[in-house]
Amino acid sequence: MKNIFIAVLLAGFCSLSGQDIKAYQFYDKKGKEVKTEKLVKELAKYDVVFFGENHNSSINHWLQLKVTEGLFQKKNGQIILGAEMFERDNQAQLNQYLEGKFDAKTLKDSARLWNNYATDYKPLVDFAKTKKLNFIATNIPRKYASQTAKEGLESLNKLSDKEKTYIAQLPIKVTLDTPGYQEMKAMMGDHAEGTKVMNFISAQATKDATMAESILKSMQAGKTFIHYNGNYHSKEFGGIYWYIKQKNPNLKMAVISVFESEDPELKVPAKEYSPTDFNLIIPADMTKTL
C-alpha cells in the first residue's frame, strides 16, 4: 500500500514537472504565434514601433529590453528609444545621465522618475547609455495634463512660450473619433458632466498628441524609433498612433499590444481582444513590480 502511495505521488510530480509553463506568447494580427526572433526581424522594417505595457508587469518590461536589444543588433544600432515615463522638461537631465555627466542618484534627485524606474525603466536607459543611443523624453509634464483635466484645454493658452515648448503645438485636436476615447467616456458613466468628461479626455489627448509630436521631431531617416508606453496610449491604433497618422500618414508604424490571460496555454483571448500588428499575451498572475 505504501509503495502504491509513493508511486502515485511520483507520477503526479512527474506530470507537473513535465508541464510546459508559458511566461508569454506573441501573436500576429491574424492570431498566428510569432517567435521573438521573427518579431524582431519584422519590427526592423518599421519606422516607429509602439511597445505597449501594463506598467506593473515584470515580464512585459523584460521583453521590452530583450526586443530592444534584438532590434539594436538587427538594425546595426540604428534605433532611437523614447518613453511615456519621461517628460519633456526632464530631457536635459536624462541627456546628462546618458552622457555620463550625472550619476544615477543625481538623475533621481533632479528628474521626476516613476516609482518603478529602478526595476523597469533603468535597464532600458542604461542600455541606451551603453550603446550611445538617443533616449527621448516624449511626454507632456504631468502638471499641464492635470491642469487640462481641471480647467480645460483652453487654459493651456495662458502658459508662457517656454512652457508651451513642453506641449504639442496648440490647438490640440480632440475628437471622440480617436480610438479609445469613446471607451474613456463610457467609463466615466452617464452621471458625469459633459464638460468634466471632455476635460478628462482632453488631458489624455494632450499626452497622446505631445508624445506623437516628440516622436515625429526626433525621428531620423533609416532608424527605427521604439516607444514604450502604457497599452492604452496605442491600443486599437488609437492614442499616439492616431495623432502621428494625422501628421504623417505615410510612416510605417507597428503596435505591440498586451493582454492578460488566465489560460495556461496563453491562447488568444476569446473576449475583449482587439488585436493590433503584434499582440503579447502574458499570464494574469505574472509577478507585478508595483
# chains A, B, ... in the order shown; residues from 1 in each chain; ligands from 1

call {"tool": "select_by_dssp", "arguments": {"residues": "region 158-201 of chain A", "states": "alpha helix (DSSP H)", "output": "ChimeraX atom specification"}}
result
/A:161-164,181-188,194-201

call {"tool": "residues_around", "arguments": {"residues": "Thr289 (chain A)", "least_positions_apart": "3", "cutoff": "8 Å", "atoms": "only C-alpha atoms", "output": "PyMOL selection string"}}
result
chain A and resi 56-58+116+119-120

call {"tool": "residues_around", "arguments": {"residues": "Gln93 (chain A)", "least_positions_apart": "3", "cutoff": "10 Å", "atoms": "only C-alpha atoms", "output": "list in words"}}
result
Asp89, Asn90, Gln96, Tyr97, Leu98, Glu99, Lys101, Phe102, Thr106, Leu107, Lys108, Asp109, Ser110, Ala111, Arg112 and Ala137 of chain A

call {"tool": "residues_around", "arguments": {"residues": "Gly239 (chain A)", "least_positions_apart": "4", "cutoff": "6 Å", "atoms": "only C-alpha atoms", "output": "ChimeraX atom specification"}}
result
/A:208,233-234

call {"tool": "write_last_selection", "arguments": {"atoms": "N, CA, C and O atoms", "output": "short mmCIF file (atom, residue, chain, number, x, y, z; two decimals), in the first residue's frame"}}
result
data_model
loop_
_atom_site.label_atom_id
_atom_site.label_comp_id
_atom_site.auth_asym_id
_atom_site.auth_seq_id
_atom_site.Cartn_x
_atom_site.Cartn_y
_atom_site.Cartn_z
N ASP A 208 -1.16 62.17 -25.55
CA ASP A 208 -1.01 61.45 -26.81
C ASP A 208 -0.43 62.35 -27.90
O ASP A 208 0.49 61.96 -28.63
N HIS A 233 -2.29 53.91 -24.57
CA HIS A 233 -1.85 55.00 -25.44
C HIS A 233 -1.66 54.58 -26.90
O HIS A 233 -1.42 55.45 -27.76
N SER A 234 -1.77 53.29 -27.19
CA SER A 234 -1.63 52.86 -28.59
C SER A 234 -2.56 51.71 -28.98
O SER A 234 -2.57 51.29 -30.13
#

call {"tool": "closest_residue", "arguments": {"among": "A:Phe135, A:Tyr27, A:Tyr166, A:Phe200", "to": "Met219 (chain A)", "atoms": "only C-alpha atoms"}}
result
A:Phe135

call {"tool": "select_by_dssp", "arguments": {"residues": "region 80-123 of chain A", "states": "strand (DSSP E or B)", "output": "JSON, numbers by chain"}}
result
{"A": [80, 81, 82, 83, 84, 85, 86, 87]}

call {"tool": "residues_around", "arguments": {"residues": "Ile201 (chain A)", "least_positions_apart": "5", "cutoff": "10 Å", "atoms": "only C-alpha atoms", "output": "list in words"}}
result
Thr148, Ala149, Gly152, Leu153, Val174, Thr175, Leu176, Gly180, Tyr181, Gln182, Met184, Lys185, Thr195, Lys196 and Thr206 of chain A

call {"tool": "write_last_selection", "arguments": {"atoms": "N, CA and C atoms", "output": "PDB file, in the first residue's frame"}}
result
ATOM      1  N   THR A 148      -5.223  70.602 -17.566  1.00  0.00           N
ATOM      2  CA  THR A 148      -6.230  70.416 -18.619  1.00  0.00           C
ATOM      3  C   THR A 148      -7.452  69.678 -18.081  1.00  0.00           C
ATOM      4  N   ALA A 149      -7.218  68.657 -17.259  1.00  0.00           N
ATOM      5  CA  ALA A 149      -8.323  67.886 -16.693  1.00  0.00           C
ATOM      6  C   ALA A 149      -9.203  68.750 -15.793  1.00  0.00           C
ATOM      7  N   GLY A 152      -9.635  72.609 -18.462  1.00  0.00           N
ATOM      8  CA  GLY A 152      -9.935  72.547 -19.887  1.00  0.00           C
ATOM      9  C   GLY A 152      -8.732  72.857 -20.757  1.00  0.00           C
ATOM     10  N   LEU A 153      -8.847  72.482 -22.009  1.00  0.00           N
ATOM     11  CA  LEU A 153      -7.760  72.634 -22.971  1.00  0.00           C
ATOM     12  C   LEU A 153      -7.368  74.094 -23.195  1.00  0.00           C
ATOM     13  N   VAL A 174      -9.031  67.487 -30.403  1.00  0.00           N
ATOM     14  CA  VAL A 174      -9.602  66.448 -29.540  1.00  0.00           C
ATOM     15  C   VAL A 174     -10.924  66.000 -30.152  1.00  0.00           C
ATOM     16  N   THR A 175     -11.016  64.717 -30.439  1.00  0.00           N
ATOM     17  CA  THR A 175     -12.235  64.184 -31.034  1.00  0.00           C
ATOM     18  C   THR A 175     -12.516  62.790 -30.491  1.00  0.00           C
ATOM     19  N   LEU A 176     -13.782  62.486 -30.340  1.00  0.00           N
ATOM     20  CA  LEU A 176     -14.178  61.152 -29.873  1.00  0.00           C
ATOM     21  C   LEU A 176     -14.022  60.112 -30.971  1.00  0.00           C
ATOM     22  N   GLY A 180     -10.488  54.576 -28.592  1.00  0.00           N
ATOM     23  CA  GLY A 180     -10.248  54.548 -27.156  1.00  0.00           C
ATOM     24  C   GLY A 180     -10.917  55.673 -26.393  1.00  0.00           C
ATOM     25  N   TYR A 181     -11.139  56.807 -27.044  1.00  0.00           N
ATOM     26  CA  TYR A 181     -11.695  57.952 -26.323  1.00  0.00           C
ATOM     27  C   TYR A 181     -13.183  57.768 -26.004  1.00  0.00           C
ATOM     28  N   GLN A 182     -13.893  57.098 -26.892  1.00  0.00           N
ATOM     29  CA  GLN A 182     -15.294  56.781 -26.594  1.00  0.00           C
ATOM     30  C   GLN A 182     -15.371  55.845 -25.389  1.00  0.00           C
ATOM     31  N   MET A 184     -13.227  55.758 -22.938  1.00  0.00           N
ATOM     32  CA  MET A 184     -12.969  56.580 -21.758  1.00  0.00           C
ATOM     33  C   MET A 184     -14.233  57.288 -21.304  1.00  0.00           C
ATOM     34  N   LYS A 185     -14.976  57.797 -22.277  1.00  0.00           N
ATOM     35  CA  LYS A 185     -16.230  58.489 -21.965  1.00  0.00           C
ATOM     36  C   LYS A 185     -17.217  57.549 -21.293  1.00  0.00           C
ATOM     37  N   THR A 195     -18.777  68.686 -19.592  1.00  0.00           N
ATOM     38  CA  THR A 195     -17.521  69.437 -19.579  1.00  0.00           C
ATOM     39  C   THR A 195     -16.430  68.656 -18.866  1.00  0.00           C
ATOM     40  N   LYS A 196     -16.783  68.044 -17.753  1.00  0.00           N
ATOM     41  CA  LYS A 196     -15.813  67.262 -16.985  1.00  0.00           C
ATOM     42  C   LYS A 196     -15.290  66.090 -17.814  1.00  0.00           C
ATOM     43  N   THR A 206      -3.749  65.554 -24.629  1.00  0.00           N
ATOM     44  CA  THR A 206      -2.512  66.342 -24.540  1.00  0.00           C
ATOM     45  C   THR A 206      -1.299  65.421 -24.401  1.00  0.00           C
TER      46      THR A 206
END

call {"tool": "closest_residue", "arguments": {"among": "A:Lys22, A:Tyr243, A:Leu65, A:Gln169", "to": "Asp285 (chain A)", "atoms": "only C-alpha atoms"}}
result
A:Lys22

call {"tool": "residues_around", "arguments": {"residues": "region 37-53 of chain A", "least_positions_apart": "3", "cutoff": "6 Å", "atoms": "only C-alpha atoms", "output": "list in words"}}
result
Leu71, Thr224, Phe225, Ile226, His227, Tyr228, Asn229, Gly230, Asn231, Lys252, Met253, Ala254, Val255, Ile256 and Ser257 of chain A
